[in-house]
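protein-v9.cif (mmCIF, C-alpha atoms) appears below.
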```cif
data_start
loop_
_atom_site.label_atom_id
_atom_site.label_comp_id
_atom_site.auth_asym_id
_atom_site.auth_seq_id
_atom_site.Cartn_x
_atom_site.Cartn_y
_atom_site.Cartn_z
CA MET A 1 -25.48 12.36 -2.56
CA GLY A 2 -27.07 9.29 -4.20
CA ALA A 3 -24.84 9.76 -7.25
CA MET A 4 -21.82 9.08 -5.08
CA LYS A 5 -22.74 5.38 -5.08
CA LYS A 6 -21.88 5.21 -8.78
CA PHE A 7 -18.17 5.41 -8.06
CA LYS A 8 -16.47 2.29 -9.37
CA TYR A 9 -12.78 3.12 -9.44
CA ILE A 10 -12.36 5.57 -6.56
CA TYR A 11 -13.40 4.97 -2.96
CA GLY A 12 -13.41 6.73 0.38
CA PRO A 13 -12.06 8.98 1.57
CA VAL A 14 -10.93 6.63 4.32
CA PRO A 15 -9.07 7.62 7.50
CA SER A 16 -5.47 6.45 7.32
CA TRP A 17 -3.13 6.36 10.32
CA ARG A 18 -0.32 7.06 7.87
CA ILE A 19 -1.61 9.72 5.47
CA GLY A 20 -4.78 11.25 6.90
CA SER A 21 -7.82 11.50 4.63
CA SER A 22 -7.07 9.14 1.76
CA LEU A 23 -9.11 8.87 -1.44
CA GLY A 24 -8.39 5.45 -2.87
CA ILE A 25 -7.93 4.79 -6.58
CA ASP A 26 -8.32 1.20 -7.75
CA LEU A 27 -6.78 0.45 -11.17
CA LEU A 28 -7.59 -3.25 -10.77
CA SER A 29 -11.31 -3.02 -9.97
CA GLN A 30 -12.18 -6.68 -10.39
CA THR A 31 -14.38 -8.97 -8.32
CA GLU A 32 -11.39 -11.07 -7.30
CA LYS A 33 -8.19 -9.79 -5.76
CA ILE A 34 -5.38 -9.28 -8.26
CA CYS A 35 -2.12 -9.82 -6.43
CA SER A 36 1.36 -11.31 -6.60
CA PHE A 37 1.32 -12.26 -2.89
CA ASP A 38 -0.99 -14.23 -0.63
CA CYS A 39 0.00 -12.62 2.68
CA ILE A 40 -1.13 -14.50 5.78
CA TYR A 41 -2.69 -11.30 7.16
CA CYS A 42 -4.48 -10.01 4.03
CA GLN A 43 -7.85 -8.42 4.82
CA LEU A 44 -9.03 -9.08 1.25
CA GLY A 45 -8.92 -12.86 1.65
CA LYS A 46 -6.87 -15.49 -0.15
CA THR A 47 -5.23 -14.94 -3.51
CA LYS A 48 -7.04 -17.51 -5.64
CA SER A 49 -4.78 -17.09 -8.66
CA TYR A 50 -1.52 -15.20 -8.67
CA SER A 51 -1.02 -12.33 -11.09
CA LEU A 52 2.63 -11.94 -12.00
CA SER A 53 2.48 -9.80 -15.15
CA ARG A 54 1.38 -6.20 -15.65
CA GLU A 55 -1.89 -5.70 -17.54
CA ARG A 56 -4.31 -2.88 -18.24
CA TYR A 57 -7.53 -3.42 -16.29
CA VAL A 58 -9.07 0.05 -16.08
CA ASN A 59 -8.72 2.95 -18.51
CA GLU A 60 -7.29 5.95 -16.69
CA ALA A 61 -9.85 8.14 -18.45
CA GLU A 62 -12.56 6.41 -16.40
CA VAL A 63 -10.70 7.29 -13.21
CA VAL A 64 -10.42 10.92 -14.32
CA LYS A 65 -14.19 11.04 -14.94
CA GLU A 66 -14.87 9.93 -11.39
CA LEU A 67 -12.33 12.34 -9.92
CA ALA A 68 -14.15 15.13 -11.75
CA MET A 69 -17.38 14.11 -9.97
CA LEU A 70 -16.00 14.81 -6.50
CA PRO A 71 -17.75 17.58 -4.58
CA SER A 72 -15.70 20.72 -4.14
CA ASP A 73 -15.80 20.61 -0.35
CA VAL A 74 -14.48 17.07 0.16
CA ARG A 75 -11.34 16.95 2.30
CA ILE A 76 -8.59 14.83 0.78
CA ASP A 77 -5.00 14.71 2.00
CA PHE A 78 -3.78 12.16 -0.57
CA LEU A 79 -4.98 10.42 -3.69
CA THR A 80 -3.84 6.87 -2.97
CA PHE A 81 -3.29 4.16 -5.56
CA SER A 82 -4.04 0.95 -3.70
CA GLY A 83 -7.29 -0.98 -4.17
CA ARG A 84 -8.14 -4.65 -4.50
CA GLY A 85 -4.67 -6.07 -4.93
CA GLU A 86 -1.23 -4.84 -5.97
CA PRO A 87 -1.51 -1.52 -7.86
CA THR A 88 1.79 -1.88 -9.75
CA LEU A 89 0.28 -4.84 -11.63
CA ALA A 90 -1.74 -2.22 -13.53
CA ALA A 91 0.32 -1.56 -16.67
CA ASN A 92 -0.99 2.02 -16.90
CA LEU A 93 -0.18 3.07 -13.33
CA GLY A 94 2.21 5.78 -14.52
CA ASP A 95 -0.31 7.14 -17.03
CA ALA A 96 -3.00 7.15 -14.35
CA ILE A 97 -0.80 9.11 -11.93
CA LYS A 98 -0.09 11.70 -14.63
CA ALA A 99 -3.79 11.91 -15.51
CA ALA A 100 -4.82 12.36 -11.87
CA LYS A 101 -2.30 15.17 -11.44
CA LYS A 102 -3.92 17.07 -14.30
CA VAL A 103 -7.33 17.19 -12.62
CA ARG A 104 -6.52 17.25 -8.88
CA THR A 105 -4.05 19.22 -6.78
CA GLU A 106 -3.65 16.77 -3.89
CA PRO A 107 -0.38 14.86 -3.53
CA ILE A 108 -0.37 11.25 -4.73
CA ALA A 109 0.60 8.15 -2.77
CA VAL A 110 1.22 4.60 -3.97
CA ILE A 111 1.01 1.65 -1.58
CA THR A 112 2.93 -1.31 -3.00
CA ASN A 113 3.83 -4.79 -1.78
CA SER A 114 7.24 -4.30 -3.46
CA SER A 115 6.88 -7.44 -5.58
CA THR A 116 7.56 -5.63 -8.87
CA ILE A 117 9.93 -2.92 -7.63
CA ASP A 118 12.90 -4.78 -9.13
CA ARG A 119 11.53 -3.71 -12.55
CA GLU A 120 12.86 -0.43 -13.91
CA ASP A 121 9.55 0.49 -15.56
CA VAL A 122 7.74 0.11 -12.22
CA ARG A 123 10.33 2.21 -10.39
CA GLN A 124 9.99 4.96 -12.99
CA GLU A 125 6.19 4.96 -12.71
CA ILE A 126 5.89 4.97 -8.93
CA ALA A 127 8.56 7.69 -8.82
CA LEU A 128 5.86 9.97 -10.29
CA ALA A 129 4.07 9.79 -6.92
CA ASP A 130 4.83 12.15 -4.05
CA TYR A 131 4.77 9.41 -1.44
CA VAL A 132 5.53 5.69 -1.85
CA ILE A 133 4.76 3.18 0.90
CA ALA A 134 6.60 -0.08 0.21
CA LYS A 135 6.08 -3.35 2.06
CA LEU A 136 8.99 -5.13 3.75
CA ASP A 137 7.85 -7.86 6.15
CA ALA A 138 10.76 -10.30 6.11
CA PRO A 139 14.57 -10.32 6.21
CA THR A 140 15.11 -13.64 4.38
CA GLN A 141 13.65 -15.72 1.55
CA GLU A 142 12.43 -18.29 4.06
CA MET A 143 10.45 -15.80 6.15
CA PHE A 144 9.31 -14.03 2.97
CA GLU A 145 7.63 -17.28 1.92
CA VAL A 146 6.04 -17.75 5.36
CA ILE A 147 4.58 -14.22 5.68
CA ASN A 148 3.98 -12.99 2.13
CA ARG A 149 3.60 -16.30 0.26
CA PRO A 150 4.77 -14.77 -3.04
CA GLY A 151 4.21 -16.00 -6.57
CA GLU A 152 6.80 -18.62 -7.46
CA THR A 153 9.00 -16.35 -9.60
CA ILE A 154 9.34 -13.61 -6.95
CA ARG A 155 12.51 -13.65 -4.86
CA PHE A 156 13.26 -11.73 -1.70
CA HIS A 157 16.65 -10.68 -3.03
CA GLY A 158 14.97 -9.00 -6.01
CA VAL A 159 12.53 -7.17 -3.74
CA LEU A 160 15.31 -5.90 -1.50
CA GLU A 161 17.56 -4.79 -4.36
CA GLY A 162 14.60 -3.12 -6.05
CA ILE A 163 13.80 -1.11 -2.92
CA ARG A 164 17.45 -0.07 -2.62
CA LYS A 165 17.58 1.06 -6.25
CA PHE A 166 14.35 2.98 -5.87
CA ARG A 167 15.59 4.68 -2.70
CA GLY A 168 18.70 5.82 -4.56
CA GLY A 169 16.86 7.72 -7.27
CA TYR A 170 13.54 8.73 -5.72
CA LYS A 171 12.96 12.42 -4.96
CA GLY A 172 9.72 12.01 -3.01
CA LYS A 173 8.98 10.52 0.41
CA LEU A 174 9.67 6.79 0.82
CA ALA A 175 8.17 4.85 3.70
CA LEU A 176 8.74 1.21 4.49
CA GLN A 177 5.76 -0.57 6.02
CA LEU A 178 6.56 -3.57 8.18
CA MET A 179 3.65 -5.79 9.21
CA PHE A 180 4.38 -7.84 12.32
CA THR A 181 2.63 -10.99 13.52
CA LYS A 182 3.81 -13.74 15.83
CA GLU A 183 5.38 -15.44 12.78
CA ASN A 184 7.95 -12.70 12.13
CA ALA A 185 8.16 -10.85 15.46
CA ASN A 186 11.50 -12.53 16.23
CA CYS A 187 12.91 -11.16 12.97
CA ALA A 188 12.41 -7.53 14.02
CA GLY A 189 16.05 -6.91 14.89
CA GLU A 190 17.27 -8.24 11.56
CA LEU A 191 14.65 -6.20 9.73
CA ALA A 192 15.72 -3.10 11.65
CA ARG A 193 19.29 -3.52 10.39
CA ILE A 194 18.10 -3.88 6.79
CA VAL A 195 15.87 -0.82 7.11
CA GLN A 196 18.71 1.24 8.54
CA ASP A 197 20.85 0.26 5.57
CA ILE A 198 18.12 1.32 3.09
CA GLY A 199 17.53 4.64 4.82
CA PRO A 200 13.85 5.41 4.12
CA ASP A 201 12.24 8.70 5.12
CA GLU A 202 9.79 6.88 7.39
CA VAL A 203 9.26 3.47 8.99
CA GLN A 204 5.70 2.27 9.60
CA VAL A 205 5.49 -0.44 12.25
CA ASN A 206 2.19 -2.24 11.76
CA THR A 207 0.19 -5.23 12.97
CA PRO A 208 -3.11 -6.44 11.47
CA LEU A 209 -5.87 -4.68 13.41
CA ARG A 210 -8.55 -5.23 10.75
CA LYS A 211 -10.36 -8.56 10.57
CA CYS A 212 -8.06 -11.17 9.01
CA PRO A 213 -6.90 -14.78 9.54
CA VAL A 214 -4.11 -13.95 12.05
CA GLN A 215 -4.05 -12.21 15.41
CA PRO A 216 -2.33 -8.84 15.89
CA LEU A 217 0.50 -8.29 18.29
CA SER A 218 -0.38 -6.41 21.46
CA GLU A 219 0.41 -2.75 21.90
CA SER A 220 3.26 -3.56 24.27
CA GLU A 221 4.71 -6.16 21.87
CA LEU A 222 4.63 -3.73 18.97
CA SER A 223 6.06 -0.95 21.11
CA ALA A 224 9.06 -3.14 21.94
CA ILE A 225 9.59 -3.81 18.23
CA GLN A 226 9.24 -0.11 17.42
CA GLY A 227 12.08 0.61 19.85
CA LEU A 228 14.47 -1.41 17.68
CA PHE A 229 14.19 1.06 14.81
CA ASN A 230 16.44 4.10 14.97
CA GLY A 231 17.25 7.00 12.67
CA PRO A 232 14.31 7.79 10.39
CA GLN A 233 10.88 8.78 11.62
CA VAL A 234 9.17 5.72 13.10
CA ILE A 235 5.40 5.57 13.48
CA SER A 236 3.16 2.82 14.85
CA VAL A 237 -0.40 1.79 14.09
CA TYR A 238 -1.18 1.86 17.80
CA SER A 239 0.21 5.29 18.61
CA SER A 240 -0.62 7.22 15.43
CA HIS A 241 -3.66 9.48 15.38
CA LYS A 242 -6.47 8.52 13.02
CA ILE A 243 -8.70 11.34 11.85
CA SER A 244 -12.46 11.20 11.40
CA VAL A 245 -13.50 11.03 7.74
CA LYS A 246 -16.91 10.71 6.11
CA PRO A 247 -16.66 8.54 2.98
CA LEU A 248 -18.43 9.38 -0.27
CA SER A 249 -18.35 5.78 -1.45
CA ASP A 250 -21.17 3.41 -0.55
CA PRO A 251 -20.47 0.76 2.13
CA ASP A 252 -20.30 -2.12 -0.37
CA THR A 253 -17.48 -0.40 -2.25
CA LEU A 254 -15.47 0.01 0.95
CA ILE A 255 -16.10 -3.58 2.06
CA ARG A 256 -14.85 -4.96 -1.26
CA ARG A 257 -11.57 -3.13 -0.63
CA GLY A 258 -11.24 -4.23 2.99
CA LYS A 259 -11.89 -0.77 4.40
CA THR A 260 -14.20 -1.67 7.28
#
```

File written out as structure tokens:
Amino acid sequence: MGAMKKFKYIYGPVPSWRIGSSLGIDLLSQTEKICSFDCIYCQLGKTKSYSLSRERYVNEAEVVKELAMLPSDVRIDFLTFSGRGEPTLAANLGDAIKAAKKVRTEPIAVITNSSTIDREDVRQEIALADYVIAKLDAPTQEMFEVINRPGETIRFHGVLEGIRKFRGGYKGKLALQLMFTKENANCAGELARIVQDIGPDEVQVNTPLRKCPVQPLSESELSAIQGLFNGPQVISVYSSHKISVKPLSDPDTLIRRGKT
């Protein structure tokens, strides 16, 4: 199993309360986080320099090589494009999803902070995935700046309209992930109305349980917020079952991606 430590672009599998056994794929794979936000709760640390344009960081052929190295008996529920930053900032995300589908049979998920979803090319690429988890932590530009601290050209209105457009044409499963802290807990009702209007397949009510700069809400506080969301399937980080998974990646790889 020593060869498993050579993985550079894939990591895990990690147990996910949302999607089971998740094998991560990192198309950014840099020492520093590559992101368009500097969320107050980010487990990867501060965004030292914002990335606001899409670039090619990792050749998808390198990802395919690593996927081909996986042992035949590894249990994977989803191949998940996430990693050390915002995956849609990788200009070849769509090509990488297509390439992964050629060598693996598992469904593919993309976890996005929604910062680029107002772009048609991004919507077309993430639509290739079977499951898209999109972030929505705020109901207004003001709270958006408090919680997500976006790059200066990113506007909440664009994020919201992008999510709505994506919902209208997407054939797969769309989940909205809402991360709650004391800063935005009072906005939960307003967020619930926006979510109901969008009509996702699933709502993921979250609070930061991993080590980060802010404190999580209590189970009772999050449960009260969860009760505001009606209609689609609503799941919570506190009440969802997390499976036991043995990772193939070495501990350092997981730590660099905040998976401890």

Sorted per-residue table, stretch 93-120 of chain A near stretch 64-79 of chain A, closest atoms and distance, 6 Å, only C-alpha atoms, as a tab-separated table:
```
residue	atom	partner	partner_atom	distance
A:Glu106	CA	A:Phe78	CA	5.7
A:Pro107	CA	A:Phe78	CA	5.3
A:Ile108	CA	A:Leu79	CA	4.8
```

I'd like the contact shell of A:Arg84 - 7 Å cut-off, only C-alpha atoms, skipping same-chain residues fewer than 5 positions apart - returned as a short mmCIF file (atom, residue, chain, number, x, y, z; two decimals) with C-alpha atoms, in the frame of the given file.
```cif
data_model
loop_
_atom_site.label_atom_id
_atom_site.label_comp_id
_atom_site.auth_asym_id
_atom_site.auth_seq_id
_atom_site.Cartn_x
_atom_site.Cartn_y
_atom_site.Cartn_z
CA ASP A 26 -8.32 1.20 -7.75
CA LEU A 28 -7.59 -3.25 -10.77
CA SER A 29 -11.31 -3.02 -9.97
CA LYS A 33 -8.19 -9.79 -5.76
CA ILE A 34 -5.38 -9.28 -8.26
CA ARG A 257 -11.57 -3.13 -0.63
#
```

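Distances to A:Asp121 were evaluated for A:Leu93, A:Val159, A:Val58, A:Cys42 using only C-alpha atoms, and the minimum falls at A:Leu93.
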
Open item on the list: I want to know what sits within 9 Å of stretch 168-179 of chain A, based on all atoms listed in the file, with residues of the same chain fewer than 2 positions away left out; could you give that as an NGL selection string?
Closed with: :A and (41 or 123-124 or 127-138 or 163-166 or 181 or 184 or 191 or 195 or 198 or 200-208)

So that I can check the surroundings of A:Ala96, please list as a compact mmCIF listing (two decimals) with C-alpha atoms, in the coordinates of the input every protein, DNA and RNA residue that reaches within 7 Å of it, counting only C-alpha atoms and ignoring chain neighbours fewer than 4 positions away.
```txt
# COMPACT_ATOMS: atom_id res chain seq x y z
CA GLU A 60 -7.29 5.95 -16.69
CA ASN A 92 -0.99 2.02 -16.90
CA ALA A 100 -4.82 12.36 -11.87
```

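Rounded to one decimal, atom CA of A:Phe180 and atom CA of A:Glu161 lie 21.5 Å from each other.
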
Selection as a short mmCIF file (atom, residue, chain, number, x, y, z; two decimals) with C-alpha atoms, in the coordinates of the input: residues within 12 Å of (9.2, -13.1, -4.7), counting all atoms listed in the file:
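Writing done, so here's out-v1.cif:
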```cif
data_model
loop_
_atom_site.label_atom_id
_atom_site.label_comp_id
_atom_site.auth_asym_id
_atom_site.auth_seq_id
_atom_site.Cartn_x
_atom_site.Cartn_y
_atom_site.Cartn_z
CA CYS A 35 -2.12 -9.82 -6.43
CA SER A 36 1.36 -11.31 -6.60
CA PHE A 37 1.32 -12.26 -2.89
CA ASP A 38 -0.99 -14.23 -0.63
CA CYS A 39 0.00 -12.62 2.68
CA TYR A 50 -1.52 -15.20 -8.67
CA LEU A 52 2.63 -11.94 -12.00
CA ASN A 113 3.83 -4.79 -1.78
CA SER A 114 7.24 -4.30 -3.46
CA SER A 115 6.88 -7.44 -5.58
CA THR A 116 7.56 -5.63 -8.87
CA ILE A 117 9.93 -2.92 -7.63
CA ASP A 118 12.90 -4.78 -9.13
CA LEU A 136 8.99 -5.13 3.75
CA ALA A 138 10.76 -10.30 6.11
CA THR A 140 15.11 -13.64 4.38
CA GLN A 141 13.65 -15.72 1.55
CA GLU A 142 12.43 -18.29 4.06
CA MET A 143 10.45 -15.80 6.15
CA PHE A 144 9.31 -14.03 2.97
CA GLU A 145 7.63 -17.28 1.92
CA VAL A 146 6.04 -17.75 5.36
CA ILE A 147 4.58 -14.22 5.68
CA ASN A 148 3.98 -12.99 2.13
CA ARG A 149 3.60 -16.30 0.26
CA PRO A 150 4.77 -14.77 -3.04
CA GLY A 151 4.21 -16.00 -6.57
CA GLU A 152 6.80 -18.62 -7.46
CA THR A 153 9.00 -16.35 -9.60
CA ILE A 154 9.34 -13.61 -6.95
CA ARG A 155 12.51 -13.65 -4.86
CA PHE A 156 13.26 -11.73 -1.70
CA HIS A 157 16.65 -10.68 -3.03
CA GLY A 158 14.97 -9.00 -6.01
CA VAL A 159 12.53 -7.17 -3.74
CA LEU A 160 15.31 -5.90 -1.50
CA GLU A 161 17.56 -4.79 -4.36
CA GLY A 162 14.60 -3.12 -6.05
#
```

- [ ] Using all atoms listed in the file, pick whichever of A:Ile126, A:Val14, A:Ala192, A:Ile97 has the shortest atom-to-atom distance to A:Gln226.
- [x]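 The closest residue to A:Gln226 is A:Ala192.
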
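Take the candidates A:Gly12, A:Gly231, A:Gly189, A:Pro247 and check each one against A:Gly83 using all atoms listed in the file; the shortest distance goes to A:Gly12.
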
Open item on the list: Please report the interatomic distance between atom CA of A:Ile40 and atom CA of A:Phe229 in Å with one decimal.
Closed with: 23.6 Å

TODO: Please indicate the distance in Å from atom CA of A:Tyr11 to atom CA of A:Ser51, rounded to one decimal place.
DONE: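 Calculated distance between atom CA of A:Tyr11 and atom CA of A:Ser51 is 22.8 Å.
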
Atoms added to stretch 115-144 of chain A (N, CA and C atoms), reported as a PDB file, keeping the file's coordinate frame:
```pdb
ATOM      1  N   SER A 115       6.598  -6.241  -4.794  1.00  0.00           N
ATOM      2  CA  SER A 115       6.880  -7.440  -5.580  1.00  0.00           C
ATOM      3  C   SER A 115       7.417  -7.143  -6.970  1.00  0.00           C
ATOM      4  N   THR A 116       7.116  -5.972  -7.515  1.00  0.00           N
ATOM      5  CA  THR A 116       7.560  -5.630  -8.870  1.00  0.00           C
ATOM      6  C   THR A 116       8.604  -4.507  -8.879  1.00  0.00           C
ATOM      7  N   ILE A 117       9.062  -4.099  -7.710  1.00  0.00           N
ATOM      8  CA  ILE A 117       9.930  -2.920  -7.630  1.00  0.00           C
ATOM      9  C   ILE A 117      11.326  -3.201  -8.186  1.00  0.00           C
ATOM     10  N   ASP A 118      11.623  -4.468  -8.489  1.00  0.00           N
ATOM     11  CA  ASP A 118      12.900  -4.780  -9.130  1.00  0.00           C
ATOM     12  C   ASP A 118      12.869  -4.451 -10.617  1.00  0.00           C
ATOM     13  N   ARG A 119      11.683  -4.080 -11.146  1.00  0.00           N
ATOM     14  CA  ARG A 119      11.530  -3.710 -12.550  1.00  0.00           C
ATOM     15  C   ARG A 119      11.746  -2.203 -12.725  1.00  0.00           C
ATOM     16  N   GLU A 120      12.568  -1.839 -13.688  1.00  0.00           N
ATOM     17  CA  GLU A 120      12.860  -0.430 -13.910  1.00  0.00           C
ATOM     18  C   GLU A 120      11.622   0.359 -14.314  1.00  0.00           C
ATOM     19  N   ASP A 121      10.741  -0.237 -15.137  1.00  0.00           N
ATOM     20  CA  ASP A 121       9.550   0.490 -15.560  1.00  0.00           C
ATOM     21  C   ASP A 121       8.653   0.805 -14.367  1.00  0.00           C
ATOM     22  N   VAL A 122       8.550  -0.128 -13.420  1.00  0.00           N
ATOM     23  CA  VAL A 122       7.740   0.110 -12.220  1.00  0.00           C
ATOM     24  C   VAL A 122       8.361   1.212 -11.373  1.00  0.00           C
ATOM     25  N   ARG A 123       9.665   1.170 -11.195  1.00  0.00           N
ATOM     26  CA  ARG A 123      10.330   2.210 -10.390  1.00  0.00           C
ATOM     27  C   ARG A 123      10.121   3.588 -11.006  1.00  0.00           C
ATOM     28  N   GLN A 124      10.183   3.674 -12.322  1.00  0.00           N
ATOM     29  CA  GLN A 124       9.990   4.960 -12.990  1.00  0.00           C
ATOM     30  C   GLN A 124       8.556   5.466 -12.793  1.00  0.00           C
ATOM     31  N   GLU A 125       7.591   4.553 -12.834  1.00  0.00           N
ATOM     32  CA  GLU A 125       6.190   4.960 -12.710  1.00  0.00           C
ATOM     33  C   GLU A 125       5.831   5.375 -11.287  1.00  0.00           C
ATOM     34  N   ILE A 126       6.245   4.587 -10.297  1.00  0.00           N
ATOM     35  CA  ILE A 126       5.890   4.970  -8.930  1.00  0.00           C
ATOM     36  C   ILE A 126       6.679   6.195  -8.469  1.00  0.00           C
ATOM     37  N   ALA A 127       7.797   6.477  -9.144  1.00  0.00           N
ATOM     38  CA  ALA A 127       8.560   7.690  -8.820  1.00  0.00           C
ATOM     39  C   ALA A 127       7.780   8.960  -9.175  1.00  0.00           C
ATOM     40  N   LEU A 128       6.706   8.822  -9.975  1.00  0.00           N
ATOM     41  CA  LEU A 128       5.860   9.970 -10.290  1.00  0.00           C
ATOM     42  C   LEU A 128       5.012  10.386  -9.095  1.00  0.00           C
ATOM     43  N   ALA A 129       4.860   9.500  -8.114  1.00  0.00           N
ATOM     44  CA  ALA A 129       4.070   9.790  -6.920  1.00  0.00           C
ATOM     45  C   ALA A 129       4.895  10.614  -5.934  1.00  0.00           C
ATOM     46  N   ASP A 130       4.179  11.330  -5.075  1.00  0.00           N
ATOM     47  CA  ASP A 130       4.830  12.150  -4.050  1.00  0.00           C
ATOM     48  C   ASP A 130       5.258  11.327  -2.841  1.00  0.00           C
ATOM     49  N   TYR A 131       4.579  10.201  -2.655  1.00  0.00           N
ATOM     50  CA  TYR A 131       4.770   9.410  -1.440  1.00  0.00           C
ATOM     51  C   TYR A 131       4.592   7.937  -1.820  1.00  0.00           C
ATOM     52  N   VAL A 132       5.605   7.120  -1.561  1.00  0.00           N
ATOM     53  CA  VAL A 132       5.530   5.690  -1.850  1.00  0.00           C
ATOM     54  C   VAL A 132       5.685   4.925  -0.542  1.00  0.00           C
ATOM     55  N   ILE A 133       4.718   4.053  -0.277  1.00  0.00           N
ATOM     56  CA  ILE A 133       4.760   3.180   0.900  1.00  0.00           C
ATOM     57  C   ILE A 133       5.015   1.762   0.400  1.00  0.00           C
ATOM     58  N   ALA A 134       6.181   1.227   0.714  1.00  0.00           N
ATOM     59  CA  ALA A 134       6.600  -0.080   0.210  1.00  0.00           C
ATOM     60  C   ALA A 134       6.645  -1.099   1.339  1.00  0.00           C
ATOM     61  N   LYS A 135       6.124  -2.278   1.065  1.00  0.00           N
ATOM     62  CA  LYS A 135       6.080  -3.350   2.060  1.00  0.00           C
ATOM     63  C   LYS A 135       7.434  -4.019   2.207  1.00  0.00           C
ATOM     64  N   LEU A 136       7.810  -4.316   3.461  1.00  0.00           N
ATOM     65  CA  LEU A 136       8.990  -5.130   3.750  1.00  0.00           C
ATOM     66  C   LEU A 136       8.730  -5.866   5.057  1.00  0.00           C
ATOM     67  N   ASP A 137       8.275  -7.118   4.969  1.00  0.00           N
ATOM     68  CA  ASP A 137       7.850  -7.860   6.150  1.00  0.00           C
ATOM     69  C   ASP A 137       8.835  -8.920   6.601  1.00  0.00           C
ATOM     70  N   ALA A 138       9.868  -9.167   5.812  1.00  0.00           N
ATOM     71  CA  ALA A 138      10.760 -10.300   6.110  1.00  0.00           C
ATOM     72  C   ALA A 138      12.201  -9.948   5.780  1.00  0.00           C
ATOM     73  N   PRO A 139      13.155 -10.567   6.484  1.00  0.00           N
ATOM     74  CA  PRO A 139      14.570 -10.320   6.210  1.00  0.00           C
ATOM     75  C   PRO A 139      15.240 -11.406   5.372  1.00  0.00           C
ATOM     76  N   THR A 140      14.528 -12.507   5.112  1.00  0.00           N
ATOM     77  CA  THR A 140      15.110 -13.640   4.380  1.00  0.00           C
ATOM     78  C   THR A 140      14.077 -14.240   3.433  1.00  0.00           C
ATOM     79  N   GLN A 141      14.549 -15.028   2.471  1.00  0.00           N
ATOM     80  CA  GLN A 141      13.650 -15.720   1.550  1.00  0.00           C
ATOM     81  C   GLN A 141      12.708 -16.663   2.305  1.00  0.00           C
ATOM     82  N   GLU A 142      13.241 -17.341   3.319  1.00  0.00           N
ATOM     83  CA  GLU A 142      12.430 -18.290   4.060  1.00  0.00           C
ATOM     84  C   GLU A 142      11.257 -17.608   4.767  1.00  0.00           C
ATOM     85  N   MET A 143      11.526 -16.506   5.455  1.00  0.00           N
ATOM     86  CA  MET A 143      10.450 -15.800   6.150  1.00  0.00           C
ATOM     87  C   MET A 143       9.530 -15.090   5.157  1.00  0.00           C
ATOM     88  N   PHE A 144      10.089 -14.621   4.063  1.00  0.00           N
ATOM     89  CA  PHE A 144       9.310 -14.030   2.970  1.00  0.00           C
ATOM     90  C   PHE A 144       8.223 -15.008   2.512  1.00  0.00           C
TER      91      PHE A 144
END
```
